[in-house]
Every structure is written in structure tokens, then in C-alpha cells.
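Please read the structure below before turning to the comments.
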4 protein chains.
Amino acid sequence: MNTFGRSFRITTFGESHGQALGVVIDGCPAMIPLSVEDIQPVLDRRRPGTGPLTSQRAEADRVEILSGIFEGKTTGMPIALIVRNTDARSSDYDSLRQVFRPGHADFTYQEKYGFRDHRGGGRSSGRETVGRVAAGAVAAKCLARIGIDIYGMVEEIHGVSDPRAMEEEIRKAKGEGDSVGGVIRLSATGVPAGLGDPVFGKLDAQIASAMMGIGAVKGVEIGDGFAGARMKGSEHNDPMDTTGFLSNHAGGILGGISNGNEIVVRIAVKPTASIALPQKTLSVSGDEQTISIEGRHDPCIVPRLLPVAEAMLALVLLDAFLEQEKYRNFKETRI
Amino acid sequence: MNTFGRSFRITTFGESHGQALGVVIDGCPAMIPLSVEDIQPVLDRRRPGTGPLTSQRAEADRVEILSGIFEGKTTGMPIALIVRNTDARSSDYDSLRQVFRPGHADFTYQEKYGFRDHRGGGRSSGRETVGRVAAGAVAAKCLARIGIDIYGMVEEIHGVSDPRAMEEEIRKAKGEGDSVGGVIRLSATGVPAGLGDPVFGKLDAQIASAMMGIGAVKGVEIGDGFAGARMKGSEHNDPMDTTGFLSNHAGGILGGISNGNEIVVRIAVKPTASIALPQKTLSVSGDEQTISIEGRHDPCIVPRLLPVAEAMLALVLLDAFLEQEKYRNFKETRI
Amino acid sequence: MNTFGRSFRITTFGESHGQALGVVIDGCPAMIPLSVEDIQPVLDRRRPGTGPLTSQRAEADRVEILSGIFEGKTTGMPIALIVRNTDARSSDYDSLRQVFRPGHADFTYQEKYGFRDHRGGGRSSGRETVGRVAAGAVAAKCLARIGIDIYGMVEEIHGVSDPRAMEEEIRKAKGEGDSVGGVIRLSATGVPAGLGDPVFGKLDAQIASAMMGIGAVKGVEIGDGFAGARMKGSEHNDPMDTTGFLSNHAGGILGGISNGNEIVVRIAVKPTASIALPQKTLSVSGDEQTISIEGRHDPCIVPRLLPVAEAMLALVLLDAFLEQEKYRNFKETRI
Amino acid sequence: MNTFGRSFRITTFGESHGQALGVVIDGCPAMIPLSVEDIQPVLDRRRPGTGPLTSQRAEADRVEILSGIFEGKTTGMPIALIVRNTDARSSDYDSLRQVFRPGHADFTYQEKYGFRDHRGGGRSSGRETVGRVAAGAVAAKCLARIGIDIYGMVEEIHGVSDPRAMEEEIRKAKGEGDSVGGVIRLSATGVPAGLGDPVFGKLDAQIASAMMGIGAVKGVEIGDGFAGARMKGSEHNDPMDTTGFLSNHAGGILGGISNGNEIVVRIAVKPTASIALPQKTLSVSGDEQTISIEGRHDPCIVPRLLPVAEAMLALVLLDAFLEQEKYRNFKETRI
């Protein structure tokens, strides 16, 4: 299942070392001004090779728009976006062809499909997110029209939350041939009350699915999340007065529907699976091996997941907005 | 959206104080022996009024099978199950007609629909889960055939994890007119490797959606979850040898696909929103009010969510199993 | 797959001789006045036993609303409707348990499920349409609010189109222990231009799916249909002037999108499969048999399919309307 | 909605005069040998400019595989295929920018989206089918593995069915600046009994949707179709003996499920809308005009629709096969 969304649907494709990565966006409103300039800067944010602490793979990641735009505006037709792979040094991965890297999807893809594109993890690679981020940029353009704004930040790396200490944790892990994880906090402002559908299309359920669908994410919280499970009702409930809600423990969602407050989401990102330290594993043929993964790997994937998580939140919110619009006519014409 | 699942699809209906609650199950395999006896005991587990610490609403919750069964076996046709509401004292709720209860969906339903069934929260009530639990019992019957077993437990109440201390926390909250939340741990054994679809149908994304779609759930973790975000790669990765995985930090899922290990899920349940303590809120017409919610409420909803969470996990796993089966023929006939 | 629709979704359930038949409607706009009185008269139109030329099964078909209505209005929550079976003389069908009736789904259900509810055809019975017709009545109520009106008529029975001759054909077939088919013409007025989505959600494709999904329907035409395939472009194209379209060979749909003209659909209904005349067939165990089907059967099903076809057209049009509304905001706020 | 299918899902994109046309196939079984050589010949069949009676647009239509293939075999990941537009003489269409061509989707796209890519009809062009045909070639490759074969033929052009007379009708229409329609007959052999789902996923409903979703198709018949509506039950029912069905009036489908017989489908194709003869129409600004459409148009689109219709039938059958496979395990392990 490579399609996400009900009204604003994206279908992504492409592997780490294939010809190209991309996305088809279906259900985009017509007449939205859109060009490469709206998408490229967002893609550049998730690009590898942009800092000393990220993977050194040097991909230009130039996006090309294949369809759905006419004279600078969306037409309502599917928008196909592709990014060609250029710096795909597949031979780097020859040694990994016959082995399952711990913490990676190698074993599960092999079990599921009986076969896998081992080069850079194939489609289980972080490069798969190129299509999501490109689509997220289009969604963000639409959301701007209705006043919704999304903001994400790295809140924690390896348990520390001071920016300089976070950087130090990454540097230390890199030096040790190890890796670290962290926590991302996302928020959305300007979200009108009423988005999200009971009971299986809850806004928080859609967000949870979107976030947990990002590789390396192992936890999702709305509002106070797990901390809320340790509170009393009198602490967690958000009282209201005529100025609105007086707190936001709920993270902007009640009964699965946005309440007009800021949407607050936190996600747990596991440490990068690829590490240089030796690990016990199996070969495809079932023999025990010790593996030490060399190559161009991020000691911490958290910062690069930020634009991906923002993109997914944008996709969910635009989708929920379009879903809710269906009933506009009936709501307005009530007697 | 009141339908959940792709291959094993359930559609639930009904309100706390309506005529009946129920579910239609579509996509159930044929020729599975099924009767009321398979469903009633599971419903009884989630029933109110069964202990001193739960709501005193005395519903018999007798399930009736309306369709899809012939001579004691499923036919492959939709299975409709209903439970009539009997002890619905709607007049208890008259005082709540014009007010938004803090922490409840009253405000958001009103905003979304311009109108709501205020009696007992209508469809946002915990009673809505009757349909899910009934469907989960059917799914569990199917899962038993393929060797998958699901087990849930209350791991924590208001921050404590000793069973007796947990009970004490609930009792104390009740005495204070307050409420407490907690954490549920779910596990599934016997899940074959290969379930779950990259990239948007990941098994963990489906689980996250299912869990966050339960009222009062505000957080979901797979495996080590947020704790994993504070680990190093060398700690979090699960090494393998010929006996299998040597640890299970991943919670049985790699790259969104089950790896054959135990599936481990944790969910954060917020404290019950209905409390006797006075709270600031608004009336439907926008006036400030102080509310104190009397009536038959659970000081802690966590134990009663257990069968709901188990049901949702059963639904996700059966659905993922059926989805994977599609490719059996092609997998077997490879040259 | 017992669910139809994207925005206005119906899920039907029930068998000819089961406990009950019904439907769950999901996605109905809120605050539409709705009661049993809106649904019962439409159900009465499709009821058996209402004329000398229809099946003598005497079902009252009283509809009960289980959910989704509060104080006489829809709430936006799923509307569950059920109709209990009362005159189900299952023993009439004992002789058919071991045999495949020609022209019926007996053989294919057995092949697909390895098992079937043989009583009255189980779910392949025409009684399955009770749920569709009930849901169609709800859809029609919504369509009336936006000025869309649907009208169906029997255009042809066994090749003749004069009403008195049609009746005579049915009478004659009945006398011979045989059956006849016919053609239904449906139209919808007040449909605004712009409904239907290119390229796989075309309005005509949705209609074709809805119509061919009715048991016994073997052909669907939009506008001139097959007659149009024998025309020239200069004859078939509908010219326009300032008064609108000057003809309607297209049946109100161009490129899969409504053009504001009347929607015109024709469907071919095969002759009733159950006939008293002897036919060659097989038993479940594979032996050759001659079968003569006695019992309460319609010599012509066409008039009773009329409300079913109208219901399906109503469902498609309301669904397409809601789908199109999604983009209202973006259309209105264009700069 | 540019996605078709449930298990084998295709999403097409692209306009007549955009950068490229294409398709993303999601849900293809893994390890199927696949290369450009499997797809290109099928695309060549639908290509314009290949005969004196077809459009003279000279597109090479070279397909490129962007993803989903590794070492010559499918991986189970999405397969993205693109075809670049090369001979897109957009300026040919400048005169059509401000006018609605009769019989085309110009008017309805303008109404729906408020805006359209007028060049060659944009996405409503027949060129949109490139993606479908490419996907159909992949589906056909899979179907071959399970013994299903599809065959289509032009049965009728402008009411005549002799091949030489058909060609003459096209030539005559061309000479007159007019166009003609026709009828295509499709059949599928080797389809196992049991494909198709009651009640809304009927195999014939899926086929009807697929066929009516092809531009210019205005009618669909299964088996005897409209002719069957003029028969008696004793004529239309297909009797069985131990050798199987003795006739095939049902076209291989009973109760929406394949019966093992040949699947037979007929579709009505309207005459090409673009004709040189003068026609009354409106400009975008609402003025009356007379239009005469010059340029590279087919006087009869029927032969070029043949590979498109075959592709759509292949997609439906493969999808239905995969859907049915879900239940294999439960069917085989019955006690």
C-alpha cells in the first residue's frame, strides 16, 4: 500500500538506488499556483550531504513536475513529481547482498517478498521519503490558503534537550561508530475546530498512522500523551472560558475532532540502525555472521526526519479539511 | 468514517442512549464455526456494572446475530451483530444538554455537526466500543485458526504498576471525585513474519491508527517506543543468531513488517474526563459555567479499555494476514 | 464487498431467510429531518406480494431505525436500518439444498465459499435489495434538498413497450411456467454540471458499477448507448447555443462529468432465473438432474427492480455531489 | 480519482500535451520477470500514426521503468512507468482555447475546475490511456501465470460487422469530415470459478465500471446483455450437465461471480467527437460559435480503444483473483 489519504491522496514510488523516486498527488484543488520553486526548497531541507553530521551521499534531488500543472497553476489533475537518483553507488552495498542488517527491514522484506533490492535498503531506505516531502510541500501550499501552519522541532536527542548537548550526543555517537535516536515535536496552528471523523477516521488516529508510517518512528503522542496517563482528570481536562481553552493537555483534539487549539504531536525516533560497531546477525542462507556497517550513514536520523514528519502532518490536515468540506452545503442550507 | 480495515472490514453504529449498538463485519472467511457463545463472554468482559470500581450502569449487553451465519458457520456474507440498549436513563443527562463537559467530545461534535445527541455522549461514549469488541471476538476466532494469540494487561495506573497499588489509586481518585489514567500493554504471539505493507500500510501504522482511534488513548508505542528514542543503535538493534532474534526492542516489527517476534504495543490512556470535581466550562450558548459531573462514571477507564484494545489488535492482525495471503499463489508458483 | 460509495457509504447485510436484512449508512449529512415515514413508503414499493403478477411472499417489511437519529434529525453518525424477516418459509427450499438452479448464483457461491445458505438464495436473493432501497430513500431525502430528482420507468418487457402489451407478456410467461426480462429507463433532473471525477471516478463509471451490481442486470447504457455506436459524430454530438445543449445523446455526461443536462440511463434486466419449466442441471455432488422450480416467484422481476435502480442512482448522485463539495472552499477563494 | 483497483491498484497521470504520461502500479506480485520488452509492444498497438485511418500524431511512446524492478524481476514495490510526450504541437490547439468542442469534455472540465488545459483535451484526451495500457501489459503478464487469457475484437463499425465494410465506413466518414462509432467484444478464457464479490464488488460491476470509465464508451453488456432482456428465462438460463455449462448467455458470470465459463463483454463506443463538419457551440465567454475541428483526428477511435479495453479487463481480472486469494488459507484448512 503506497497510497496515503482519502481526499488528498499521494502515491509514492522509487528505491534508494533505482532510476528515480517520486509521487503522484491525486485530489489537489485546481488553480493553486505551483511551480518547482515551491517544492525544491523543502526537498533541499531533507537532502543528505548538507552537514558534517549527515550522510555524505551527494544527491542534487532536483524535482521535475511531469503533469497536473498548466500555465503555473494546478488543474485538479494528478500531479506527478520525480527526482532522479544520481549518486547511487550501488557497489557500496555488494557486501550487504547476502546479509540481514540488524534493525533494518532486510529480513522482513526477504520473508515477505522472497526477494529484495538490497542496494541501500531499496524502498525501505530513508530516500523513499523524497516523494512524501515533495507532496507535503504541495499540501503546505494549499494549507497556507486556509491559514494552517505547521512547525516541527527536534525536542530531544538521546535523552538531552539542550541544542548544543544534542549536537554533542550525535558527535559522540559518530565517534563511537554508534548512533542515537530522539524525539520530534510537531505543532499546527490555525486548524479550525471540526476536522476529523468519528470513530475510525479520528484526526489523531490519522496522525498516528501517518507518523508511525515513517521509518524509524516507534512512538506517537497527542498532547500530553504518556505523561497524561500519569495525571488525574482534574489536571488533564482542559477547562474553557469565553476566551477559549485554558490549557492544551489534549493537544488540540477531543473525541478525534480538532477543537481549534494548537495540534501538538510528539514522535519517538529510534537510533539509526546502520552502525559501524560489530553486531551478530544472519546471512540470507542462515549462517551466523558478525557485521560492521561502513558507508555513508547518519549517526542520527532525527533532524532529517523533521521535514518528513511535517510533510505527513500537512497531508493529514489537508485531507481532513477536504473531507469536512463535503458537508458545507448541507450545513449552510439548514432551515 | 465508521469502517475499519481493508480485507476484514468492520462498520460500527449506535449511540449510548439510542435503540441499539452494533457492527457489520464484511470479509470474514466462510465456514468458521460461530455462535453467540463465541461473542457474549468477550462482551461481558467490557460490560459496565461488573465491579465496585466501574460504572453502575446495568446493561445486559446481549448480542444478537442478524446475518451471515448458516447452520452454525460463517457463510462469507456480512455478519451483523446488535446489542440493544436497555438501561439508558437519558433523563440523567438533561442537565448536560446545554453544556460542554471538559475533556469530552461535546464541544467538537457541536462544532462539527452543529448538533449532537448529548445523552451519555451519544456516539462518542465508551459504549460505542460494543461493536468493536464483538467484531474482535470474531476476528480472534479466525486468528486462533492460524495460531495467533493476543494478550493485554494493565501495566500502570496513575504511574504505579503494582496491582494492589493500582487499585488503591483508583479508589483514592473515586473518593476525591477525580479520575486517573494508565498504560495498557498488548502483545501478540504466533504472528508469522511478513505481515504489513510498506510504505503506508505498515503493520505498526495500522496498529497506531487502531489504538489512537480508541477514545481516551493519547499515545502509542511499538516495542521500546519512547524509551528507544533514548537508546543507542547498539542497544536498540535486535541481533540475530540461528535461534532467532536475541532481543525484541523493535516490538516484532521491522520496516513496518512483522519479523516473527512477539508484537509488543503500549498505549497511554488519559484519565476519565467525567469527574465530580468542579470545572470551568462553557454552555452551548457561550456562557461561562462551573460544572460538576455526577452520575455513573468510572474513576478509571483503563481496565474496561483492555478488551477494546485487544479487539482492535486482533482486527489489525487478521486484516494484515488476509492482505498478505493475496500473493500466496504467485509466491508458491515461482519458477 | 458489501459497502458502496465513497462519501455517502452504505453497507448492507442480511439473507432471504435470515433474521433480518438491513443497511448501515455512513457519511449522511447532519440535521436532515428523517423518520420511518421517509423510508417505509419506498420499501413498500419494492415489497413482494403486492400484485397478482409478483411473488406471493407476504413480508410486512417494517423498517426500524437503530441509530443515527436524534429528535427527528440525522446526527452525522451512522444510520442503521433493519427489516426483520417474518414470512420465511425455509422448508420450501429443502428440495433445492442439493441442486444448482440454472441462472442462479447457487453454483458460483458454492465454488467461491465452499458452502452456501441455500434458503431462497441466501444473500443472492432479491431480498438483499431491502437495505439498498432503504438507504436510497435517505439519499433521496438529501438530494431533494439540493434539487435533484430521480425518476424511473419500465420501458420494455420482453421486447414490447406498450404498457398493456407488457402486462400481457408477463401473464403469458407466467402461464407457460416461464419468465421474461425487460429494460428500465432512469433519469435524473436538477443535477448540476461538474459532478463526477476523471478518470476512474467518472460519473458514468460509478453509475455503471451501481447498475451492474444489481442482480439480474446484464447491460447498462448512458444516453444513446449502443444506438450511439451506430451513429455518426455529426448526429451524436450535442450542439450548444445560449439556451444550453440542443440535444442529449450523451445522456447528461461528458468526459465522465455531468453537463447539467438530464442524466439518462438504461439497464437490461434478464428474465427471472426461477422458472417452472424443466431444466437440465447438476446436483452439488455432480449428478445430472432435471429441475422444475415451484414456489412464489415473479415471472418478471423488472417492475420490482425499479425502486432498486432508482435507489442506486440516488446513492451515486449524492456521493458524487459530496465528493465535489470538497473543493468548494478552494474554488470560492480563488484570487 | 485517478486510482483503479483494490489489490492491484493503478494510478495514472499525465496530459496530452504535458511533459509525460504514466502510471504507478501498486500491489504487483513480487518476482515476476518484467522488462520494457513486455510493455512496449502493447503500447505500440495503441499508438497513433500507425495507419492511414488513424491520427497522424507521431509519438514514439517509449516507456521507461522508474521503479519496482530489480535484476529483471518485480520486487513487490510500486512500478512507475512513464512515456514522454514528444510530438505535442500545442499551438495546433490555440484556436480551441476559448471554445467548447461539442461531444468533448471541454465544457464539463471548465465547469468542474473553473480552468482547464485545453491543449489536445489535456487529461480528457485519449492519450491518457497510455498509462492504463502499460499497466494492463503488466497485469497480462501476471494473468498468463495463472492461465487467464484476454482477447478483444472490433465487432461492429457504424452498424456493419464485415471487416471490409467496417473499413469502408471509416473511409467514408473521413471523406465526409465526419466520424463513426462501433462495438468491441472482449472475452477472457481460463478464468476460474469464484472470482468477484457479492454484493457491491460483483465481477460484472467491476467490469462495467472499468469499461464505462474509458472515454467514448457509452454502453456495457455482459453475455447477452440487452438482447437477453428480450429473451425468456427458458432461453437465457444456461443449463448444466457433467460436461459443464451447455450455453453461455450469462457471459461467464452468475450472481456477480465467475462461473468458469468464458467471460464475454461488449462495449459501445460513440463516434469520435472531433469532426471537420461545422457544429454549433459556445465560447468560454458564452457566445455562440460555429466550429469545424481540423487537425490530426481519428475518424473512428474504435480500433485504438481495443488495447485499452483489453488492458482494463486484465486489470479487473487480476484484481479479482488477488482479492479471492485472501481466503485460500481458511478454505484449505477447513476441518
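Numbering starts fresh at 1 for the residues of each chain in the C-alpha cells, the chains themselves are lettered A, B, ... in the order given, and ligands are numbered from 1 as they appear.
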Residues of chain D within 10 Å of chain B, counting only C-alpha atoms, what are they? List them as a ChimeraX atom specification. /D:6-7,27-32,76-78,142,145-146,197-199,319,321-331,333-335
Residue contacts of range 287-296 of chain B (7 Å, only C-alpha atoms) excluding same-chain residues fewer than 4 positions away, as an NGL selection string: (:A and (241-242)) or (:B and (55-57 or 274-283))
Give me, as an mmCIF file with all heavy atoms, in the first residue's frame, all polymer residues having an atom no more than 7 Å from Tyr151 in chain D, counting only C-alpha atoms and skipping those fewer than 2 positions away in the same chain.
```cif
data_model
loop_
_atom_site.group_PDB
_atom_site.id
_atom_site.type_symbol
_atom_site.label_atom_id
_atom_site.label_comp_id
_atom_site.auth_asym_id
_atom_site.auth_seq_id
_atom_site.Cartn_x
_atom_site.Cartn_y
_atom_site.Cartn_z
ATOM 1 N N ASP D 149 -6.370 -15.639 -20.191
ATOM 2 C CA ASP D 149 -6.025 -15.026 -21.463
ATOM 3 C C ASP D 149 -7.168 -14.117 -21.911
ATOM 4 O O ASP D 149 -8.340 -14.486 -21.787
ATOM 5 C CB ASP D 149 -5.793 -16.138 -22.490
ATOM 6 C CG ASP D 149 -5.020 -15.636 -23.680
ATOM 7 O OD1 ASP D 149 -3.951 -15.021 -23.480
ATOM 8 O OD2 ASP D 149 -5.509 -15.811 -24.809
ATOM 9 N N MET D 153 -11.916 -7.894 -29.944
ATOM 10 C CA MET D 153 -12.050 -7.679 -31.387
ATOM 11 C C MET D 153 -13.073 -6.571 -31.645
ATOM 12 O O MET D 153 -13.983 -6.346 -30.855
ATOM 13 C CB MET D 153 -12.475 -8.959 -32.077
ATOM 14 C CG MET D 153 -13.785 -9.538 -31.549
ATOM 15 S SD MET D 153 -14.369 -10.954 -32.522
ATOM 16 C CE MET D 153 -14.981 -10.113 -33.996
ATOM 17 N N LEU D 186 -15.088 -8.298 -26.028
ATOM 18 C CA LEU D 186 -13.942 -8.786 -25.266
ATOM 19 C C LEU D 186 -14.266 -10.141 -24.673
ATOM 20 O O LEU D 186 -15.410 -10.381 -24.264
ATOM 21 C CB LEU D 186 -13.649 -7.852 -24.089
ATOM 22 C CG LEU D 186 -13.238 -6.438 -24.421
ATOM 23 C CD1 LEU D 186 -13.458 -5.552 -23.208
ATOM 24 C CD2 LEU D 186 -11.787 -6.392 -24.863
ATOM 25 N N SER D 187 -13.279 -10.993 -24.595
ATOM 26 C CA SER D 187 -13.513 -12.243 -23.887
ATOM 27 C C SER D 187 -12.286 -12.627 -23.087
ATOM 28 O O SER D 187 -11.172 -12.207 -23.396
ATOM 29 C CB SER D 187 -13.880 -13.360 -24.865
ATOM 30 O OG SER D 187 -12.806 -13.559 -25.749
ATOM 31 N N ALA D 188 -12.519 -13.388 -22.046
ATOM 32 C CA ALA D 188 -11.417 -13.877 -21.215
ATOM 33 C C ALA D 188 -11.631 -15.357 -20.986
ATOM 34 O O ALA D 188 -12.708 -15.778 -20.567
ATOM 35 C CB ALA D 188 -11.372 -13.141 -19.882
ATOM 36 N N GLU D 310 -8.911 -4.121 -23.499
ATOM 37 C CA GLU D 310 -8.248 -5.357 -23.062
ATOM 38 C C GLU D 310 -7.466 -5.123 -21.771
ATOM 39 O O GLU D 310 -7.483 -5.954 -20.859
ATOM 40 C CB GLU D 310 -7.293 -5.869 -24.151
ATOM 41 C CG GLU D 310 -8.007 -6.404 -25.388
ATOM 42 C CD GLU D 310 -7.041 -6.708 -26.525
ATOM 43 O OE1 GLU D 310 -5.839 -6.379 -26.387
ATOM 44 O OE2 GLU D 310 -7.481 -7.271 -27.544
#
```
Could you check which of C:Arg119, C:Phe100, C:Ile148, C:Asp298 is closest to Ser285 in chain C, using only C-alpha atoms?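 Nearest to Ser285 in chain C: C:Phe100.
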If you run DSSP over the backbone, which residues in range 156-279 of chain C end up strand (DSSP E)? Put them as JSON, numbers by chain. {"C": [156, 157, 182, 183, 184, 185, 186, 187, 188, 189, 217, 218, 219, 220, 221, 222, 240, 241, 244, 245, 253, 254, 257, 258, 263, 264, 265, 266, 267, 268, 269, 279]}
With only C-alpha atoms as the counted atoms, please give the residues lying no more than 9 Å from Ala60 in chain C, apart from itself and same-chain residues fewer than 4 positions off, as a CSV table (one decimal) with N, CA and C atoms, in the first residue's frame.
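Okay, result.csv is ready:
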```csv
chain,number,residue,atom,x,y,z
C,44,ASP,N,-42.2,-0.1,0.7
C,44,ASP,CA,-43.4,-0.7,0.3
C,44,ASP,C,-43.5,-0.9,-1.2
C,47,ARG,N,-41.8,-4.1,-2.1
C,47,ARG,CA,-42.3,-5.3,-1.4
C,47,ARG,C,-42.9,-6.4,-2.3
C,83,VAL,N,-34.8,-4.6,8.8
C,83,VAL,CA,-36.1,-5.1,8.5
C,83,VAL,C,-36.1,-6.6,8.8
C,84,ARG,N,-36.9,-7.0,9.7
C,84,ARG,CA,-37.0,-8.4,10.1
C,84,ARG,C,-37.6,-9.3,9.1
C,85,ASN,N,-37.1,-10.4,8.8
C,85,ASN,CA,-37.8,-11.4,8.0
C,85,ASN,C,-38.9,-12.1,8.8
C,86,THR,N,-40.1,-12.2,8.3
C,86,THR,CA,-41.1,-12.8,9.1
C,86,THR,C,-41.7,-14.0,8.3
C,87,ASP,N,-42.0,-13.9,7.0
C,87,ASP,CA,-42.6,-14.9,6.2
C,87,ASP,C,-41.6,-15.8,5.5
```
Which of A:Lys141, A:Arg101, A:Arg116, A:Arg132 sits closest to Leu81 in chain A [using only C-alpha atoms]: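 Smallest separation from Leu81 in chain A among the options: A:Arg132.
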How many Å lie between CA of Asn237 in chain A and CA of Arg266 in chain A, rounded to one decimal?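 Atom-to-atom, CA of Asn237 in chain A and CA of Arg266 in chain A are spaced 19.1 Å apart.
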Between CA of Ala227 in chain C and CA of His104 in chain C, what is the distance in Å, rounded to a tenth? 29.7 Å
For Asp117 in chain D, list every protein, DNA or RNA residue within 10 Å, evaluated using only C-alpha atoms, and leave out those in the same chain fewer than 2 positions away; present the list as a list in words.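 Contacts, with the query itself left out: Gly68, Ile69, Phe70, Glu71, Thr74, Thr75 and Met77 of chain A; Glu15, Ser16, His17, Gly18, Arg97, Asp106, Tyr109, Gln110, Phe115, Arg119, Gly120, Gly121, Gly122, Arg123 and Ser124 of chain D.
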Length of the CA of Ser234 in chain D to CA of Ser125 in chain C vector [Å]: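 CA of Ser125 in chain C lies 19.4 Å from CA of Ser234 in chain D.
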Run DSSP on the backbone and tell me which residues of range 66-143 of chain B come out as helix (DSSP H, G or I); list them as a ChimeraX atom specification. /B:90-96,106-113,119-124,126-143
Restricting the calculation to only C-alpha atoms, which member of C:Glu332, C:Gly228, C:Ala216, C:Pro303 is positioned closest to Val183 in chain D?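 The shortest atom-to-atom distance to Val183 in chain D comes from C:Gly228.
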For each of A:Val154, A:Val138, A:Val36, A:Ile257, take the minimum atom-to-atom distance to Ile184 in chain A, counting only C-alpha atoms, then give the residue where this is smallest.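 Once distances to Ile184 in chain A are computed over only C-alpha atoms, the minimum belongs to A:Val154.
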Can you pull out the residues contacting range 164-181 of chain B? Cut-off 9 Å, using only C-alpha atoms, and skip same-chain residues under 4 positions away; I want them as a ChimeraX atom specification. /A:228-234 /B:53,156-160,216,268-277,298-302
Nearest to Gly152 in chain B, chosen from B:Gly190, B:Val265, B:Gly22, B:Leu317, with only C-alpha atoms counted in the distances: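 Selected residue with least distance to Gly152 in chain B: B:Val265.
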If you count only C-alpha atoms, the residue of B:Val24, B:Thr108, B:Val264, B:Gly114 closest to Leu195 in chain A turns out to be B:Thr108
For Ile39 in chain D, work out the shell of residues within 8 Å, counting only C-alpha atoms and skipping chain neighbours fewer than 3 positions away, then give it as a list of chain:residue names. D:Ser35, D:Val36, D:Val42, D:Leu43, D:Val63, D:Ala134, D:Ala137, D:Val138
Write a file of the selected residues as a compact mmCIF listing (two decimals), in the first residue's frame, keeping C-alpha atoms.
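Listed below is the output, part_35.txt:
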```
# COMPACT_ATOMS: atom_id res chain seq x y z
CA SER D 35 11.13 -5.53 -18.65
CA VAL D 36 10.42 -2.81 -21.18
CA VAL D 42 1.41 -3.41 -26.21
CA LEU D 43 1.89 0.35 -26.16
CA VAL D 63 8.16 3.54 -21.99
CA ALA D 134 1.17 -0.02 -19.87
CA ALA D 137 0.58 -5.22 -20.02
CA VAL D 138 1.98 -5.87 -16.55
```
